[in-house]
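What follows is a short report on a single structure.
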Amino acid sequence: MPRLMDLGISSVSENLSEMGNMAQRSLQIALDSYFQNNRSRKKVFELNEKLRSLEDEVGDIATEIVARYQPVAKDLRFIRASMEIAYIFWRFGRYSYDIIDTVDELHTGLDCNKTAVMEMSSFVLKAMELSLLSLRTRDETIVEKLYELDSTVDTLYRKYLRGTINANNKDDWKVHSRCDICNILILRYLERISDHACYLGDCVSYLVTGLSSPRR
Amino acid sequence: MNSATLKDDHQERRKKLSNLLLSKKKPMDRAFFGIVLGAAGYTLFLVALIVYAVGDGSTEIFSYEGLEFFTGTDWNAVYGREAFGALPYIIGTLVTAGIAMVIGVPVSIGIAVFLSEISPPRISTPLSFVIELLAAVPSIVYGLWALFVFRFWIVDLIEKPLYNAFGDWIPFFGKTPFGLDVFTAGIVLSIMIIPIISAISRELLKAVPDTQREAAYSLGATRWETLRIAVFPYVKSGLFGAAFLGLGRAVGETILVTMVIGNAVGVNAIPTSLFSQSQTLASVIANEFNEAASSLHLSALIGLGVVLLMLTMAINIGGMLLLSRMVKVSPGVRE
Amino acid sequence: MSRTLKGPEEELSPTLQVSKVSESVEIERPTEVKDIPPAKLSIRNLEAWFGTKRALKGINLDVRENSITAFIGPSGCGKTTLIRCLNRMHEMTPGASAKGQAILDGMDMYDAKVDPVTIKRRIGMVFQKPNPFPTMSIYDNVAAGLKLNGIKDKKLIDDIVRESLEGAVLWEEVKNELNKPGMGLSGGQQQRLCIARALAMQPEILLMDEPTSALDPIASSKIEELVHGMKKDLTVVIVTHNMQQAARVSDYTAFMYLGELIEYGDTKQIFENPRMELTERYISGKFG
Amino acid sequence: MEKIQQEKANLKYQLQNTMERKSSRKRKINKLVTILCIICVGLAIVPLGSILFEVIKNGVSALSVEFLTQRPGSMISGRGGIGPAIQGTLITVGIASIIAAPVGIFAGIYLAEFAGNGPLPHAVRFFNDVLTGLPSIVLGIVGYIVIVLVIGSFSVWAGSFALSIIMIPIVVRVTEESLKVVPNSIREAGYSLGIPKWKITLHITLKTAFSGVLTGIVIGISRIAGETAPLIMTILGTSLFFTGFDDPVDALPLRIWRLASQPYDSAHAQGWAAALILILIVLLFSVTLRLLAARKGFKVRVIRYSNV
């Protein structure tokens with residue numbers, strides 16, 4: 001017999017999986033717009049707004065469940081984790097919007113060197129994919145892979161940052177600046193997304209085992 | 001006072017108290033148990049004493065008459081012509097008690113039904129009190145009233161019309177009525193046992209869970225159908241038990257019967273019609289006990305007591321068994 | 001995870017953020033930090049029977065001093081039987097028996113030499129339904145235990161009655177009507193009167209057998225607050241069928257099922273992360 | 001689908017039709033039963049009314065101080081009184097209750113608080129019920145054999161003993177039932193305070209059941225105060241005031257009986273008056289004790305023991 005609480009929990013679940021899809025899509029669109037230089041800012045903005053309202057909704061339902069049914073054990077952990085996860089998804093959307101915003105503001109054309117972003121985005125997309133998979137399957141072991149990816153991403157970011165600073169002497173600062181600023185900002189956002197993917201993995205780990213990630 | 005000293009205080013008091021409390025011994029518990037056990041034992045002793053006393057007192061008559069005592073119809077205490085047969089009195093007892101039951105039981109159950117099912121509480125509460133009052137009236141007062149008042153009502157309102165109508169051709173209503181007879185005795189007895197039976201019946205009916213009634217009412221049953229379907233099956237054996245207890249009282253009642261039954265002796269005490277004079281076991285004892293001149297006569301009276309004892313015991317035990325069976329029926333389970 | 005920070009202006013550096021999360025994780029698991037108080041009452045292999053039916057199967061458990069221990073479990077799991085074994089009340093039921101050890105400050109109360117009456121004087125009990133003595137006034141109810149145990153010092157009794165009523169947070173409500181019958185109080189007040197009556201004996205442990213099950217929520221929460229406040233002087237063991245109540249009020253929780261102790265631990269752990277599947281299923285309402 | 005619904009509607013219509021036809025008959029039967037029950041109540045009320053009316057009407061005229069205090073005089077003259085009878089009833093019933101009340105209460109305590117379900121309590125309960133049902137005249141015979149024959153005289157002792165046998169089972173039964181109504185939680189509260197059992201029983205349980213126990217005693221006393229038959233062969237009756245516990249004594253029921261068997265109207269009038277006094281004594285007594293019980297505040301619901 002389903003408990004009343006289960007209705008709320010399943011609607012939180014649905015929201016979360018929808019949010020996951022939307023977050024993934026908005027990052028994809030943002031990156032595409034950078035690579036192909038099409039203007040999809042409005043679409044990402046809409047997705048971002050949607051994510052924020054869904055995050056609110058998850059928060060509302062979770063609070064209601066806590067107040068009404070006083071969940072314990074797995075339910076309690078799920079509620080706690082779901083609020084965090086919804087926030088993470090919203091962050092995903094937010095960073096995607098930041099990326100597309102940056103692209104828009106700086107008007108980078110097709111002339112910039114996009115290899116660094118291309119290289120890193122493949123890792124970040126992978127991380128995001130994995131984190132969503134771990135949530136779907138409740139597989140807390142994936143968090144290990146996420147941390148691996150994250151450290152790769154961190155290394156890449158630092159490497160590129162240092163490379164850019166060192167490569168730009170005072171003479172040709174102006175020539176490359178627009179592309180460099182754009183790249184660095186995007187890389188920075190990607191790095192944050194990767195971090196949040198790790199947090200998502202932590203949440204799943206807490207959800208399943210009741211323990212926080214051993215790394216922490 | 002801060003919490004630390006409060007706690008110290010608490011500890012100190014606890015120590016002081018526990019010294020006071022823990023030093024107490026408890027030999028009184030055993031003594032008390034002895035007292036209550038003794039009291040309970042005394043009731044058993046009484047039963048044994050009763051059996052012994054009447055057994056001892058009646059040996060003389062049983063060795064004189066043997067089983068004839070139960071079947072003989074002669075009753076003569078004159079020296080040299082002694083004959084003691086209890087049969088007429090046994091019959092007299094059963095007939096009067098029977099009349100009392102035929103009238104008393106239905107009326108009692110009717111009253112119980114009225115009190116517990118029909119009347120609103122503001123009527124049934126004082127009415128129950130009145131019925132209980134009826135139970136509290138001493139039987140000697142019933143006797144007085146029956147002898148000086150009720151007897152004449154019976155004669156004028158019931159016996160004479162019946163006699164005039166049927167007396168010539170139905171022996172059952174034969175014999176000129178003048179009020180001191182088994183019929184009057186039976187009716188007065190029934191008045192006396194009505195409060196007893198109706199009080200028990202009312203308690204029984206009250207004990208039927210309301211859910212039983214509500215179930216029947218919710219199916220659209222009338223009050224009568226509810227009683228028939230939901231209430232009576234539940235209390236049937238209990239009502240029988242109540243009737244039996246009433247019968248026990250009717251059989252054992254002495255003074256009331258003595259005053260209105262006419263006090264016939266020997267063969268004459270066998271009632272041939274509703275309006276015959278008769279005697280019951282108890283009334284013979286009451287009438288003759290203080291006049292018994294010989295020890296054999298006394299023993300014969302005690303022998304009547306033995307018969308009465310056995311009769312009432314059988315009836316009461318039967319009633320108790322029926323009542324207890326009713327109580328044991330678990331709620332919700334009907335026969 | 002108490003973090004609800006939002007918006008870019010509150011973005012923190014990655015390192016800071018990680019440490020923040022780990023902070024909240026610290027708060028989550030206090031057992032590692034908290035000292036475990038010493039055992040006041042150690043139950044060892046305690047078994048209880050009703051006739052030939054075994055109601056408790058070898059219970060082992062330590063009740064911690066100055067803490068509140070809650071017994072939870074579905075009806076008939078033996079939680080009430082267990083608590084009644086702890087002051088030897090269980091064997092008062094006809095046909096009931098118990099064996100094993102219950103060690104109170106080093107003394108086994110199931111030892112043959114121990115008088116059960118003295119155990120009851122050291123361990124108080126509060127029952128499911130408020131049961132003040134019906135013929136007695138409020139004052140007499142509280143004083144009954146002392147008077148009937150032969151204490152005659154009027155001054156001492158007066159002091160203890162007042163203190164106990166204060167301890168049960170009832171004094172202010174009844175101080176002007178101490179001579180009125182105890183039955184005249186409301187249900188919640190009656191229950192606090194019963195607590196005061198138990199406190200008057202200066203018990204070391206207070207056993208409470210579903211003390212709020214007959215009360216309305218407001219009265220229940222008063223009792224809960226009272227119980228919480230009592231643990232500075234007392235060790236409290238409480239049986240409850242209300243899991244939320246156990247979660248709110250207790251420090252330690254024992255989950256029982258079919259006469260066995262399934263899980264015993266820190267209340268927070270039991271309710272957030274039970275180790276046993278059965279506990280998890282029971283407390284999240286999937287059976288029971 | 002439609003067909004099934006049609007059938008259902010048909011069935012419903014038929015049912016309603018039948019029920020309506022039957023319901024008028026049902027209502028008639030119901031009314032008849034109600035009327036019969038009311039008649040039954042009337043049948044019980046009329047005698048009671050008549051008894052009270054006659055007792056008061058005939059009794060009041062014969063009442064006087066002289067009647068209440070003096071010894072019986074000559075039957076024909078209608079002089080004299082029932083002083084010895086009142087005195088004798090009070091003494092005999094008093095002694096009987098002094099014997100029966102403690103014995104009954106303690107035996108009731110045994111059954112309710114100590115006994116459980118063993119063979120001994122079973123026997124005590126059973127024989128107690130048997131005692132309840134015994135005809136009082138048989139108990140009179142027992143009193144005669146056990147005491148009158150032994151001490152060689154009709155006496156107060158014999159009468160009180162016989163009456164106490166009538167009263168004991170009543171008190172036992174009512175005490176047991178009243179104690180059983182006391183919720184067990186009250187006892188447990190006592191145990192949990194470490195109070196010894198005998199104190200719990202006397203100071204808490206019995207006190208709680210006090211009004212019930214008192215009711216039992218009242219019922220018992222009212223019952224034995226009106227008993228006549230066992231007194232015939234135990235206290236005999238006399239026209240003298242109390243002279244000693246080993247001597248015969250008079251009693252109201254006995255006096256009423258003797259007066260009623262006289263052929264004189266004046267004796268009958270005295271009989272009515274004595275009956276009035278008897279009823280008044282019983283009523284006064286039970287009202288007083290009940291008021292006393294009511295003052296105690298807490299009421300245990302006790303089944304009325306009109307049957308005992």
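Naming works like this for the structure tokens: A, B, ... for the chains as they're shown, residue 1 at the start of each chain, ligands 1 onward in shown order.
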I'd like a table as a Markdown table: residues in region 74-193 of chain A with an atom no more than 12 Å from region 262-271 of chain C, each row giving the shortest atom pair and its distance in Å to one decimal, only C-alpha atoms counted, sorted by chain and rising residue number.
```
| residue | atom | partner | partner_atom | distance |
| --- | --- | --- | --- | --- |
| A:Lys74 | CA | C:Phe271 | CA | 9.2 |
| A:Asp75 | CA | C:Phe271 | CA | 10.2 |
| A:Leu76 | CA | C:Phe271 | CA | 8.5 |
| A:Arg77 | CA | C:Phe271 | CA | 10.1 |
```
> If you run DSSP on this backbone, which residues of region 47-93 of chain C come out as alpha helix (DSSP H), and could you give them as JSON, numbers by chain?
Replying inline: {"C": [79, 80, 81, 82, 83, 84, 85]}
> Counting only C-alpha atoms, what is within 6 Å of Gln279 (chain B), bar same-chain residues fewer than 6 positions away, as a ChimeraX atom specification?
Replying inline: /B:89,92,263-264,269
>> Within 6 Å of chain B, which residues belong to chain D? Use only C-alpha atoms and report them as a list in words.
In response: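 So the contacting residues turn out to be Asn30, Cys37, Cys40, Val41, Val103, Phe106, Ala107, Tyr110, Pro135, Val138, Val142, Trp198, Gly226, Ser306 and Asn307 of chain D.
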What are the closest atom pairs, with distances in Å to one decimal, for each residue of chain A lying within 9 Å of chain C, using only C-alpha atoms, rows by chain and rising residue number, as JSON lines?
```
{"residue": "A:Met1", "atom": "CA", "partner": "C:Lys286", "partner_atom": "CA", "distance": 8.4}
{"residue": "A:Pro2", "atom": "CA", "partner": "C:Lys286", "partner_atom": "CA", "distance": 8.6}
{"residue": "A:Arg3", "atom": "CA", "partner": "C:Lys286", "partner_atom": "CA", "distance": 7.8}
{"residue": "A:Gln70", "atom": "CA", "partner": "C:Gln244", "partner_atom": "CA", "distance": 7.4}
{"residue": "A:Pro71", "atom": "CA", "partner": "C:Ser284", "partner_atom": "CA", "distance": 6.7}
{"residue": "A:Val72", "atom": "CA", "partner": "C:Phe271", "partner_atom": "CA", "distance": 5.3}
{"residue": "A:Ala73", "atom": "CA", "partner": "C:Glu272", "partner_atom": "CA", "distance": 4.3}
{"residue": "A:Lys74", "atom": "CA", "partner": "C:Asn273", "partner_atom": "CA", "distance": 7.2}
{"residue": "A:Asp75", "atom": "CA", "partner": "C:Ser284", "partner_atom": "CA", "distance": 7.3}
{"residue": "A:Leu76", "atom": "CA", "partner": "C:Glu272", "partner_atom": "CA", "distance": 6.6}
{"residue": "A:Arg77", "atom": "CA", "partner": "C:Glu272", "partner_atom": "CA", "distance": 6.9}
{"residue": "A:Arg80", "atom": "CA", "partner": "C:Met1", "partner_atom": "CA", "distance": 6.9}
{"residue": "A:Ala81", "atom": "CA", "partner": "C:Met1", "partner_atom": "CA", "distance": 7.8}
{"residue": "A:Met83", "atom": "CA", "partner": "C:Met1", "partner_atom": "CA", "distance": 8.7}
{"residue": "A:Glu84", "atom": "CA", "partner": "C:Met1", "partner_atom": "CA", "distance": 7.2}
{"residue": "A:Tyr87", "atom": "CA", "partner": "C:Lys6", "partner_atom": "CA", "distance": 8.1}
{"residue": "A:Arg91", "atom": "CA", "partner": "C:Lys6", "partner_atom": "CA", "distance": 8.7}
{"residue": "A:Arg94", "atom": "CA", "partner": "C:Pro8", "partner_atom": "CA", "distance": 8.8}
{"residue": "A:Arg192", "atom": "CA", "partner": "C:Pro14", "partner_atom": "CA", "distance": 8.0}
{"residue": "A:Asp195", "atom": "CA", "partner": "C:Pro14", "partner_atom": "CA", "distance": 7.8}
{"residue": "A:Thr209", "atom": "CA", "partner": "C:Asn273", "partner_atom": "CA", "distance": 7.9}
{"residue": "A:Gly210", "atom": "CA", "partner": "C:Asn273", "partner_atom": "CA", "distance": 5.6}
{"residue": "A:Leu211", "atom": "CA", "partner": "C:Asn273", "partner_atom": "CA", "distance": 8.5}
{"residue": "A:Ser212", "atom": "CA", "partner": "C:Val25", "partner_atom": "CA", "distance": 6.8}
{"residue": "A:Arg216", "atom": "CA", "partner": "C:Ser22", "partner_atom": "CA", "distance": 5.8}
```
Same residues, N, CA and C atoms, output as a JSON list (two decimals), in the first residue's frame:
```json
[["chain", "number", "residue", "atom", "x", "y", "z"],
["A", 1, "MET", "N", 0.85, -1.19, 0.00],
["A", 1, "MET", "CA", 0.00, 0.00, 0.00],
["A", 1, "MET", "C", 0.89, 1.25, 0.00],
["A", 2, "PRO", "N", 0.67, 2.15, -0.95],
["A", 2, "PRO", "CA", 1.54, 3.33, -0.97],
["A", 2, "PRO", "C", 1.21, 4.25, 0.19],
["A", 3, "ARG", "N", 2.24, 4.86, 0.75],
["A", 3, "ARG", "CA", 1.99, 5.81, 1.82],
["A", 3, "ARG", "C", 1.71, 7.16, 1.20],
["A", 70, "GLN", "N", 6.91, 14.00, 8.57],
["A", 70, "GLN", "CA", 8.09, 13.76, 9.41],
["A", 70, "GLN", "C", 8.84, 12.53, 8.96],
["A", 71, "PRO", "N", 9.42, 12.62, 7.76],
["A", 71, "PRO", "CA", 10.10, 11.45, 7.21],
["A", 71, "PRO", "C", 11.30, 11.05, 8.05],
["A", 72, "VAL", "N", 11.60, 9.76, 8.00],
["A", 72, "VAL", "CA", 12.78, 9.26, 8.71],
["A", 72, "VAL", "C", 13.56, 8.39, 7.72],
["A", 73, "ALA", "N", 14.73, 7.98, 8.16],
["A", 73, "ALA", "CA", 15.56, 7.03, 7.45],
["A", 73, "ALA", "C", 15.75, 7.42, 5.97],
["A", 74, "LYS", "N", 15.50, 6.49, 5.06],
["A", 74, "LYS", "CA", 15.76, 6.72, 3.63],
["A", 74, "LYS", "C", 14.97, 7.93, 3.12],
["A", 75, "ASP", "N", 13.72, 8.04, 3.58],
["A", 75, "ASP", "CA", 12.91, 9.16, 3.14],
["A", 75, "ASP", "C", 13.54, 10.48, 3.56],
["A", 76, "LEU", "N", 13.96, 10.50, 4.82],
["A", 76, "LEU", "CA", 14.55, 11.73, 5.34],
["A", 76, "LEU", "C", 15.80, 12.07, 4.53],
["A", 77, "ARG", "N", 16.62, 11.09, 4.26],
["A", 77, "ARG", "CA", 17.86, 11.34, 3.50],
["A", 77, "ARG", "C", 17.52, 11.81, 2.10],
["A", 80, "ARG", "N", 16.40, 15.46, 2.22],
["A", 80, "ARG", "CA", 17.55, 16.34, 2.43],
["A", 80, "ARG", "C", 18.37, 16.45, 1.15],
["A", 81, "ALA", "N", 18.67, 15.29, 0.54],
["A", 81, "ALA", "CA", 19.51, 15.28, -0.65],
["A", 81, "ALA", "C", 18.81, 15.97, -1.81],
["A", 83, "MET", "N", 16.84, 18.49, -1.93],
["A", 83, "MET", "CA", 16.94, 19.95, -1.91],
["A", 83, "MET", "C", 18.31, 20.38, -2.43],
["A", 84, "GLU", "N", 19.33, 19.68, -2.01],
["A", 84, "GLU", "CA", 20.69, 19.98, -2.46],
["A", 84, "GLU", "C", 20.82, 19.74, -3.96],
["A", 87, "TYR", "N", 19.22, 22.29, -6.08],
["A", 87, "TYR", "CA", 20.07, 23.47, -6.11],
["A", 87, "TYR", "C", 21.22, 23.27, -7.11],
["A", 91, "ARG", "N", 22.22, 25.34, -10.41],
["A", 91, "ARG", "CA", 23.57, 25.88, -10.67],
["A", 91, "ARG", "C", 24.04, 25.49, -12.07],
["A", 94, "ARG", "N", 22.45, 27.74, -14.36],
["A", 94, "ARG", "CA", 22.96, 29.09, -14.18],
["A", 94, "ARG", "C", 24.34, 29.25, -14.89],
["A", 192, "ARG", "N", 33.42, 24.88, -12.59],
["A", 192, "ARG", "CA", 32.43, 24.92, -11.50],
["A", 192, "ARG", "C", 31.37, 23.82, -11.70],
["A", 195, "ASP", "N", 32.71, 20.68, -10.52],
["A", 195, "ASP", "CA", 32.64, 20.61, -9.05],
["A", 195, "ASP", "C", 31.25, 20.21, -8.58],
["A", 209, "THR", "N", 23.93, 5.60, 1.40],
["A", 209, "THR", "CA", 24.60, 4.99, 2.56],
["A", 209, "THR", "C", 24.32, 5.70, 3.87],
["A", 210, "GLY", "N", 23.86, 6.94, 3.78],
["A", 210, "GLY", "CA", 23.69, 7.70, 5.00],
["A", 210, "GLY", "C", 24.99, 8.33, 5.45],
["A", 211, "LEU", "N", 26.08, 8.04, 4.75],
["A", 211, "LEU", "CA", 27.37, 8.60, 5.13],
["A", 211, "LEU", "C", 27.76, 9.63, 4.08],
["A", 212, "SER", "N", 28.46, 10.66, 4.52],
["A", 212, "SER", "CA", 28.95, 11.60, 3.52],
["A", 212, "SER", "C", 30.15, 10.98, 2.83],
["A", 216, "ARG", "N", 35.48, 13.55, 2.21],
["A", 216, "ARG", "CA", 35.34, 14.75, 3.04],
["A", 216, "ARG", "C", 35.53, 14.40, 4.49]]
```
Who sits within 9 Å of region 50-52 of chain A, only C-alpha atoms, same chain under 5 positions skipped, as a PDB file with N, CA and C atoms, in the first residue's frame:
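Here's the written file result39.pdb:
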```pdb
ATOM      1  N   MET A  19      14.656  18.157 -14.149  1.00  0.00           N
ATOM      2  CA  MET A  19      15.680  19.187 -13.987  1.00  0.00           C
ATOM      3  C   MET A  19      17.019  18.710 -14.542  1.00  0.00           C
ATOM      4  N   MET A  22      16.978  19.031 -18.215  1.00  0.00           N
ATOM      5  CA  MET A  22      17.047  20.426 -18.634  1.00  0.00           C
ATOM      6  C   MET A  22      18.444  20.991 -18.447  1.00  0.00           C
ATOM      7  N   ALA A  23      19.075  20.647 -17.345  1.00  0.00           N
ATOM      8  CA  ALA A  23      20.415  21.152 -17.078  1.00  0.00           C
ATOM      9  C   ALA A  23      21.379  20.679 -18.164  1.00  0.00           C
ATOM     10  N   PHE A  45      18.252  31.020 -21.424  1.00  0.00           N
ATOM     11  CA  PHE A  45      17.679  31.842 -20.352  1.00  0.00           C
ATOM     12  C   PHE A  45      16.360  31.243 -19.867  1.00  0.00           C
ATOM     13  N   GLU A  57      10.136  24.734  -6.406  1.00  0.00           N
ATOM     14  CA  GLU A  57       9.056  23.781  -6.196  1.00  0.00           C
ATOM     15  C   GLU A  57       9.540  22.593  -5.368  1.00  0.00           C
ATOM     16  N   ALA A  86      18.478  19.664  -6.263  1.00  0.00           N
ATOM     17  CA  ALA A  86      17.752  20.651  -7.048  1.00  0.00           C
ATOM     18  C   ALA A  86      18.572  21.919  -7.177  1.00  0.00           C
ATOM     19  N   TYR A  87      19.216  22.286  -6.081  1.00  0.00           N
ATOM     20  CA  TYR A  87      20.074  23.465  -6.112  1.00  0.00           C
ATOM     21  C   TYR A  87      21.219  23.274  -7.105  1.00  0.00           C
ATOM     22  N   PHE A  89      21.277  21.384  -9.724  1.00  0.00           N
ATOM     23  CA  PHE A  89      20.772  21.462 -11.098  1.00  0.00           C
ATOM     24  C   PHE A  89      20.572  22.910 -11.521  1.00  0.00           C
ATOM     25  N   TRP A  90      20.038  23.650 -10.586  1.00  0.00           N
ATOM     26  CA  TRP A  90      19.854  25.053 -10.926  1.00  0.00           C
ATOM     27  C   TRP A  90      21.212  25.709 -11.212  1.00  0.00           C
ATOM     28  N   ARG A  91      22.220  25.336 -10.408  1.00  0.00           N
ATOM     29  CA  ARG A  91      23.571  25.877 -10.665  1.00  0.00           C
ATOM     30  C   ARG A  91      24.036  25.486 -12.070  1.00  0.00           C
ATOM     31  N   GLY A  93      22.250  25.008 -14.645  1.00  0.00           N
ATOM     32  CA  GLY A  93      21.578  25.888 -15.591  1.00  0.00           C
ATOM     33  C   GLY A  93      22.165  27.291 -15.553  1.00  0.00           C
ATOM     34  N   ARG A  94      22.448  27.735 -14.359  1.00  0.00           N
ATOM     35  CA  ARG A  94      22.958  29.090 -14.183  1.00  0.00           C
ATOM     36  C   ARG A  94      24.338  29.255 -14.892  1.00  0.00           C
TER      37      ARG A  94
END
```
> Quick one: of B:Pro161, B:Pro121, B:Gly303, B:Gly98, who's nearest to Phe62 (chain B), counting only C-alpha atoms?
Replying inline: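 Counting only C-alpha atoms, the residue closest to Phe62 (chain B) is B:Gly303.
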>> Excluding Ile105 (chain D) and its own-chain neighbours fewer than 3 positions away, which residues fall within 9 Å of it when counting only C-alpha atoms? Please give them as a VMD selection string.
In response: (chain B and resid 36 39) or (chain D and resid 100 to 102 108 to 110 168 171 to 176 213)
> Which residues in region 59-92 of chain B does DSSP call strand (DSSP E or B)? List them as a PyMOL selection string.
Replying inline: chain B and resi 75-76+83-84
Chain C residues near chain D (7 Å cut-off, only C-alpha atoms) as a PDB file with N, CA, C and O atoms, in the first residue's frame:
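result17.pdb written:
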```
ATOM      1  N   VAL C 117       9.933  -5.097  46.265  1.00  0.00           N
ATOM      2  CA  VAL C 117       9.320  -3.851  46.729  1.00  0.00           C
ATOM      3  C   VAL C 117      10.364  -2.735  46.814  1.00  0.00           C
ATOM      4  O   VAL C 117      10.109  -1.586  46.432  1.00  0.00           O
ATOM      5  N   THR C 118      11.561  -3.068  47.270  1.00  0.00           N
ATOM      6  CA  THR C 118      12.577  -2.015  47.377  1.00  0.00           C
ATOM      7  C   THR C 118      13.008  -1.533  45.997  1.00  0.00           C
ATOM      8  O   THR C 118      13.344  -0.365  45.820  1.00  0.00           O
ATOM      9  N   LYS C 120      11.059  -1.214  43.490  1.00  0.00           N
ATOM     10  CA  LYS C 120      10.040  -0.271  43.031  1.00  0.00           C
ATOM     11  C   LYS C 120      10.184   1.078  43.717  1.00  0.00           C
ATOM     12  O   LYS C 120       9.775   2.105  43.178  1.00  0.00           O
ATOM     13  N   ARG C 121      10.764   1.058  44.910  1.00  0.00           N
ATOM     14  CA  ARG C 121      10.970   2.351  45.576  1.00  0.00           C
ATOM     15  C   ARG C 121      12.099   3.129  44.914  1.00  0.00           C
ATOM     16  O   ARG C 121      12.159   4.344  45.011  1.00  0.00           O
ATOM     17  N   GLY C 124      10.863   4.538  39.687  1.00  0.00           N
ATOM     18  CA  GLY C 124       9.473   4.985  39.610  1.00  0.00           C
ATOM     19  C   GLY C 124       8.850   4.586  38.284  1.00  0.00           C
ATOM     20  O   GLY C 124       9.538   4.217  37.346  1.00  0.00           O
ATOM     21  N   MET C 125       7.525   4.667  38.241  1.00  0.00           N
ATOM     22  CA  MET C 125       6.864   4.295  37.006  1.00  0.00           C
ATOM     23  C   MET C 125       5.658   5.193  36.754  1.00  0.00           C
ATOM     24  O   MET C 125       4.933   5.550  37.673  1.00  0.00           O
ATOM     25  N   ASN C 131      -3.387   7.609  36.199  1.00  0.00           N
ATOM     26  CA  ASN C 131      -4.104   6.824  37.208  1.00  0.00           C
ATOM     27  C   ASN C 131      -3.912   7.384  38.609  1.00  0.00           C
ATOM     28  O   ASN C 131      -3.410   6.698  39.473  1.00  0.00           O
ATOM     29  N   PHE C 133      -4.842   8.221  42.360  1.00  0.00           N
ATOM     30  CA  PHE C 133      -5.712   7.488  43.280  1.00  0.00           C
ATOM     31  C   PHE C 133      -7.021   8.241  43.407  1.00  0.00           C
ATOM     32  O   PHE C 133      -7.040   9.402  43.801  1.00  0.00           O
ATOM     33  N   PRO C 134      -8.131   7.581  43.065  1.00  0.00           N
ATOM     34  CA  PRO C 134      -9.386   8.316  42.889  1.00  0.00           C
ATOM     35  C   PRO C 134      -9.930   8.932  44.165  1.00  0.00           C
ATOM     36  O   PRO C 134     -10.614   9.938  44.103  1.00  0.00           O
ATOM     37  N   THR C 135      -9.643   8.331  45.293  1.00  0.00           N
ATOM     38  CA  THR C 135     -10.266   8.866  46.506  1.00  0.00           C
ATOM     39  C   THR C 135      -9.410   9.946  47.155  1.00  0.00           C
ATOM     40  O   THR C 135      -9.802  10.504  48.163  1.00  0.00           O
ATOM     41  N   GLY C 145       2.782   7.670  48.363  1.00  0.00           N
ATOM     42  CA  GLY C 145       3.906   6.741  48.398  1.00  0.00           C
ATOM     43  C   GLY C 145       4.689   6.859  49.681  1.00  0.00           C
ATOM     44  O   GLY C 145       5.091   5.861  50.283  1.00  0.00           O
ATOM     45  N   LEU C 148       2.252   5.884  52.902  1.00  0.00           N
ATOM     46  CA  LEU C 148       1.940   4.463  52.998  1.00  0.00           C
ATOM     47  C   LEU C 148       3.203   3.627  53.151  1.00  0.00           C
ATOM     48  O   LEU C 148       3.140   2.443  53.449  1.00  0.00           O
ATOM     49  N   ASN C 149       4.357   4.230  52.934  1.00  0.00           N
ATOM     50  CA  ASN C 149       5.585   3.512  53.245  1.00  0.00           C
ATOM     51  C   ASN C 149       6.081   3.870  54.635  1.00  0.00           C
ATOM     52  O   ASN C 149       7.226   3.585  54.982  1.00  0.00           O
ATOM     53  N   ALA C 198       5.330   9.879  41.330  1.00  0.00           N
ATOM     54  CA  ALA C 198       6.512   9.028  41.190  1.00  0.00           C
ATOM     55  C   ALA C 198       7.758   9.764  41.648  1.00  0.00           C
ATOM     56  O   ALA C 198       8.628   9.184  42.314  1.00  0.00           O
TER      57      ALA C 198
END
```
> So, counting only C-alpha atoms, which residue among B:Leu17, B:Ile229, B:Ile99, B:Ile270 is closest to chain C?
Replying inline: B:Leu17
> Can you tell me, as number ranges by chain, what residues are no more than 7 Å from region 82-87 of chain C when counting only C-alpha atoms, ignoring any on the same chain fewer than 4 positions away?
Replying inline: C: 78, 102, 119-120, 123, 207
> Using only C-alpha atoms, which residues sit within 9 Å of region 64-68 of chain A once same-chain residues fewer than 5 positions away are excluded, as a list in words?
Replying inline: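 Skipping anything fewer than 5 positions along the chain leaves Met5, Gly8, Ile9, Gly59, Leu76 and Ile79 of chain A.
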Limited to C-alpha atoms, could you put the picked residues into a file as an mmCIF file, in the first residue's frame?
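Output (part.cif):
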```cif
data_model
loop_
_atom_site.group_PDB
_atom_site.id
_atom_site.type_symbol
_atom_site.label_atom_id
_atom_site.label_comp_id
_atom_site.auth_asym_id
_atom_site.auth_seq_id
_atom_site.Cartn_x
_atom_site.Cartn_y
_atom_site.Cartn_z
ATOM 1 C CA MET A 5 4.309 10.526 1.729
ATOM 2 C CA GLY A 8 5.237 13.752 -2.549
ATOM 3 C CA ILE A 9 8.454 11.831 -2.847
ATOM 4 C CA GLY A 59 12.073 23.044 -1.913
ATOM 5 C CA LEU A 76 14.553 11.725 5.339
ATOM 6 C CA ILE A 79 14.370 14.806 1.144
#
```
